[in-house]
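File shown here: query-v1.cif, holding mmCIF, C-alpha atoms.
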data_start
loop_
_atom_site.label_atom_id
_atom_site.label_comp_id
_atom_site.auth_asym_id
_atom_site.auth_seq_id
_atom_site.Cartn_x
_atom_site.Cartn_y
_atom_site.Cartn_z
CA PRO A 1 -84.73 13.19 -34.49
CA SER A 2 -84.48 12.55 -30.77
CA GLY A 3 -88.24 12.77 -30.14
CA ARG A 4 -87.66 15.51 -27.58
CA ARG A 5 -89.94 18.48 -27.70
CA ARG A 6 -88.33 21.89 -28.15
CA ARG A 7 -90.12 24.63 -26.25
CA THR A 8 -89.82 28.34 -26.80
CA LYS A 9 -88.47 30.56 -24.03
CA ALA A 10 -91.99 31.92 -23.53
CA GLU A 11 -93.40 28.39 -23.08
CA ARG A 12 -90.66 27.46 -20.61
CA ALA A 13 -91.23 30.68 -18.63
CA ARG A 14 -95.01 30.16 -18.57
CA ILE A 15 -94.65 26.54 -17.38
CA ALA A 16 -92.09 27.54 -14.72
CA ALA A 17 -94.34 30.36 -13.49
CA GLU A 18 -97.34 28.02 -13.40
CA SER A 19 -95.32 25.62 -11.23
CA MET A 20 -94.85 28.42 -8.67
CA MET A 21 -98.57 29.08 -8.21
CA PRO A 22 -99.98 28.41 -4.73
CA GLY A 23 -101.29 24.86 -4.31
CA VAL A 24 -99.54 23.58 -7.46
CA THR A 25 -96.92 20.83 -7.39
CA VAL A 26 -94.00 20.58 -9.79
CA ALA A 27 -94.80 16.89 -10.35
CA ASP A 28 -98.35 17.72 -11.52
CA ILE A 29 -97.07 20.39 -13.90
CA ALA A 30 -94.39 18.03 -15.25
CA ARG A 31 -97.05 15.39 -16.00
CA ARG A 32 -99.37 17.95 -17.57
CA TYR A 33 -96.70 19.16 -19.99
CA GLY A 34 -94.89 15.87 -20.56
CA THR A 35 -91.57 16.91 -19.09
CA THR A 36 -89.54 16.09 -15.98
CA ARG A 37 -89.60 17.76 -12.59
CA TRP A 38 -85.89 18.45 -12.95
CA GLN A 39 -86.49 20.30 -16.21
CA ILE A 40 -89.09 22.48 -14.53
CA TYR A 41 -86.75 23.17 -11.61
CA ASP A 42 -84.11 24.23 -14.14
CA TRP A 43 -86.61 26.55 -15.87
CA ARG A 44 -87.57 28.03 -12.49
CA LYS A 45 -83.89 28.72 -11.80
CA GLN A 46 -83.55 30.36 -15.22
CA LEU A 47 -86.66 32.44 -14.47
CA ARG A 48 -85.21 33.62 -11.12
CA GLN A 49 -81.90 34.49 -12.80
CA GLY A 50 -83.65 36.51 -15.51
CA ASN A 51 -82.74 34.15 -18.35
CA LEU A 52 -86.45 33.50 -18.91
CA VAL A 53 -89.11 36.21 -18.70
CA VAL A 54 -92.65 35.57 -17.52
CA PRO A 55 -95.20 36.51 -20.21
CA GLU A 56 -97.28 39.61 -19.37
CA SER A 57 -100.44 37.45 -19.30
CA VAL A 58 -98.95 35.52 -16.34
CA ALA A 59 -97.11 38.42 -14.71
CA SER A 60 -100.34 40.40 -14.38
CA LEU A 61 -102.12 37.65 -12.42
CA PRO A 62 -102.67 38.46 -8.73
CA VAL A 63 -100.53 35.57 -7.49
CA PHE A 64 -97.90 37.12 -5.30
CA ALA A 65 -98.33 38.98 -2.03
CA GLU A 66 -100.04 42.34 -2.13
CA LEU A 67 -97.67 45.24 -1.52
CA VAL A 68 -98.95 47.81 0.98
CA VAL A 69 -97.13 51.13 1.19
CA ASP A 70 -97.23 52.69 4.64
CA ASP A 71 -96.39 56.39 4.32
CA SER A 72 -96.09 56.75 8.10
CA ALA A 73 -92.84 54.75 7.95
CA ALA A 74 -91.26 57.58 5.95
CA ALA A 75 -91.54 59.83 9.02
CA ALA A 76 -89.75 57.26 11.22
CA PRO A 77 -86.05 57.77 11.86
CA ALA A 78 -83.77 55.85 9.49
CA ALA A 79 -82.10 54.07 12.41
CA ALA A 80 -85.43 52.48 13.43
CA THR A 81 -85.72 50.47 10.21
CA ARG A 82 -82.65 49.36 8.29
CA SER A 83 -84.54 47.42 5.60
CA ASP A 84 -85.26 48.83 2.17
CA ILE A 85 -88.61 47.06 1.70
CA GLU A 86 -91.28 45.56 3.93
CA ILE A 87 -93.78 43.00 2.63
CA VAL A 88 -96.82 42.02 4.68
CA VAL A 89 -98.32 38.56 4.11
CA GLY A 90 -101.22 37.94 6.48
CA ASP A 91 -99.86 38.49 9.98
CA VAL A 92 -96.24 38.22 8.85
CA MET A 93 -94.02 41.15 7.91
CA ILE A 94 -90.99 40.42 5.72
CA ARG A 95 -88.22 43.00 5.84
CA ALA A 96 -85.63 42.82 3.10
CA GLY A 97 -82.39 44.71 2.80
CA ALA A 98 -80.62 45.91 -0.30
CA GLY A 99 -78.78 42.58 -0.61
CA ALA A 100 -81.93 40.43 -0.90
CA ASP A 101 -82.36 38.90 -4.31
CA GLU A 102 -85.59 37.86 -6.02
CA GLY A 103 -85.12 34.20 -5.10
CA GLN A 104 -84.75 35.03 -1.41
CA LEU A 105 -87.86 37.20 -1.48
CA MET A 106 -89.89 34.55 -3.30
CA ARG A 107 -88.88 31.88 -0.76
CA ALA A 108 -89.74 34.20 2.14
CA ILE A 109 -93.13 35.09 0.65
CA ARG A 110 -93.94 31.42 -0.02
CA ALA A 111 -92.96 30.48 3.53
CA ALA A 112 -95.10 33.29 4.96
CA ARG A 113 -98.08 32.29 2.81
CA ALA A 114 -97.69 28.64 3.82
CA ALA A 115 -97.54 29.61 7.51
CA ALA A 116 -100.66 31.77 7.14
CA SER A 117 -102.75 28.98 5.62
#

Whole structure, structure tokens version:
Amino acid sequence: PSGRRRRTKAERARIAAESMMPGVTVADIARRYGTTRWQIYDWRKQLRQGNLVVPESVASLPVFAELVVDDSAAAAPAAATRSDIEIVVGDVMIRAGAGADEGQLMRAIRAARAAAS
């Protein structure tokens, strides 16, 4: 045997999700689980692409930005706002169009959270 540890998809998804938590570094997570940073980056990519699924126990944690629905925007003319979704993080509003993918949104939310702290 090669001595390499085989992890289940659920384990890889959980470790990747843990590495995305605020204040956590990939290097610390890699040391904790005895793997490499590059492996964790690969698992994060797989998670973003939907090849790994975050376990419900992790997905239910209040980690990501709170979504606030503003019903008054529905009364505004469609020309005023061309985005499909608006996310408020602190004092920052992120507007995303139909073409925004999950990775883009995650990077924008992380950047907004970092700027707010």

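Residues captured in this structure file are Arg12, Ala13, Arg14, Ile15, Ala16, Met21, Pro22, Gly23, Val24, Thr25, Val26, Ala27, Asp28, Ile29, Ala30, Ile40, Tyr41, Trp43, Arg44, Leu47, Val54, Val58 and Ala59 of chain A, according to the PyMOL selection byres ((chain A and resi 17-20) around 9).
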
Could you write out that same residue set with C-alpha atoms as a short mmCIF file (atom, residue, chain, number, x, y, z; two decimals), keeping the file's coordinate frame?
data_model
loop_
_atom_site.label_atom_id
_atom_site.label_comp_id
_atom_site.auth_asym_id
_atom_site.auth_seq_id
_atom_site.Cartn_x
_atom_site.Cartn_y
_atom_site.Cartn_z
CA ARG A 12 -90.66 27.46 -20.61
CA ALA A 13 -91.23 30.68 -18.63
CA ARG A 14 -95.01 30.16 -18.57
CA ILE A 15 -94.65 26.54 -17.38
CA ALA A 16 -92.09 27.54 -14.72
CA MET A 21 -98.57 29.08 -8.21
CA PRO A 22 -99.98 28.41 -4.73
CA GLY A 23 -101.29 24.86 -4.31
CA VAL A 24 -99.54 23.58 -7.46
CA THR A 25 -96.92 20.83 -7.39
CA VAL A 26 -94.00 20.58 -9.79
CA ALA A 27 -94.80 16.89 -10.35
CA ASP A 28 -98.35 17.72 -11.52
CA ILE A 29 -97.07 20.39 -13.90
CA ALA A 30 -94.39 18.03 -15.25
CA ILE A 40 -89.09 22.48 -14.53
CA TYR A 41 -86.75 23.17 -11.61
CA TRP A 43 -86.61 26.55 -15.87
CA ARG A 44 -87.57 28.03 -12.49
CA LEU A 47 -86.66 32.44 -14.47
CA VAL A 54 -92.65 35.57 -17.52
CA VAL A 58 -98.95 35.52 -16.34
CA ALA A 59 -97.11 38.42 -14.71
#

Check your understanding: Where does the PyMOL selection byres ((chain A and resi 105) around 12) land in this file, that is, which residues does it pick, as a ChimeraX atom specification?
Key -> /A:48,64-65,85-89,93-104,106-112

Can you write just those residues out, C-alpha atoms, as a PDB file, in the frame of the given file?
ATOM      1  CA  ARG A  48     -85.210  33.620 -11.120  1.00  0.00           C
ATOM      2  CA  PHE A  64     -97.900  37.120  -5.300  1.00  0.00           C
ATOM      3  CA  ALA A  65     -98.330  38.980  -2.030  1.00  0.00           C
ATOM      4  CA  ILE A  85     -88.610  47.060   1.700  1.00  0.00           C
ATOM      5  CA  GLU A  86     -91.280  45.560   3.930  1.00  0.00           C
ATOM      6  CA  ILE A  87     -93.780  43.000   2.630  1.00  0.00           C
ATOM      7  CA  VAL A  88     -96.820  42.020   4.680  1.00  0.00           C
ATOM      8  CA  VAL A  89     -98.320  38.560   4.110  1.00  0.00           C
ATOM      9  CA  MET A  93     -94.020  41.150   7.910  1.00  0.00           C
ATOM     10  CA  ILE A  94     -90.990  40.420   5.720  1.00  0.00           C
ATOM     11  CA  ARG A  95     -88.220  43.000   5.840  1.00  0.00           C
ATOM     12  CA  ALA A  96     -85.630  42.820   3.100  1.00  0.00           C
ATOM     13  CA  GLY A  97     -82.390  44.710   2.800  1.00  0.00           C
ATOM     14  CA  ALA A  98     -80.620  45.910  -0.300  1.00  0.00           C
ATOM     15  CA  GLY A  99     -78.780  42.580  -0.610  1.00  0.00           C
ATOM     16  CA  ALA A 100     -81.930  40.430  -0.900  1.00  0.00           C
ATOM     17  CA  ASP A 101     -82.360  38.900  -4.310  1.00  0.00           C
ATOM     18  CA  GLU A 102     -85.590  37.860  -6.020  1.00  0.00           C
ATOM     19  CA  GLY A 103     -85.120  34.200  -5.100  1.00  0.00           C
ATOM     20  CA  GLN A 104     -84.750  35.030  -1.410  1.00  0.00           C
ATOM     21  CA  MET A 106     -89.890  34.550  -3.300  1.00  0.00           C
ATOM     22  CA  ARG A 107     -88.880  31.880  -0.760  1.00  0.00           C
ATOM     23  CA  ALA A 108     -89.740  34.200   2.140  1.00  0.00           C
ATOM     24  CA  ILE A 109     -93.130  35.090   0.650  1.00  0.00           C
ATOM     25  CA  ARG A 110     -93.940  31.420  -0.020  1.00  0.00           C
ATOM     26  CA  ALA A 111     -92.960  30.480   3.530  1.00  0.00           C
ATOM     27  CA  ALA A 112     -95.100  33.290   4.960  1.00  0.00           C
TER      28      ALA A 112
END

Correct to one decimal, the distance CA of Gln49 (chain A)-CA of Val92 (chain A) is 26.2 Å

Query raised in the report: Which distance in Å separates CA of Ala10 (chain A) and CA of Asn51 (chain A), to one decimal?
Result: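 So the answer is 10.8 Å.
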
In Å and to one decimal, CA of Thr36 (chain A) is distant from CA of Arg113 (chain A) by 26.2 Å

Proximity to Thr35 (chain A) - best of A:Ala114, A:Glu11, A:Arg5, A:Gly50, all atoms listed in the file
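Smallest distance to Thr35 (chain A) is found for A:Arg5.
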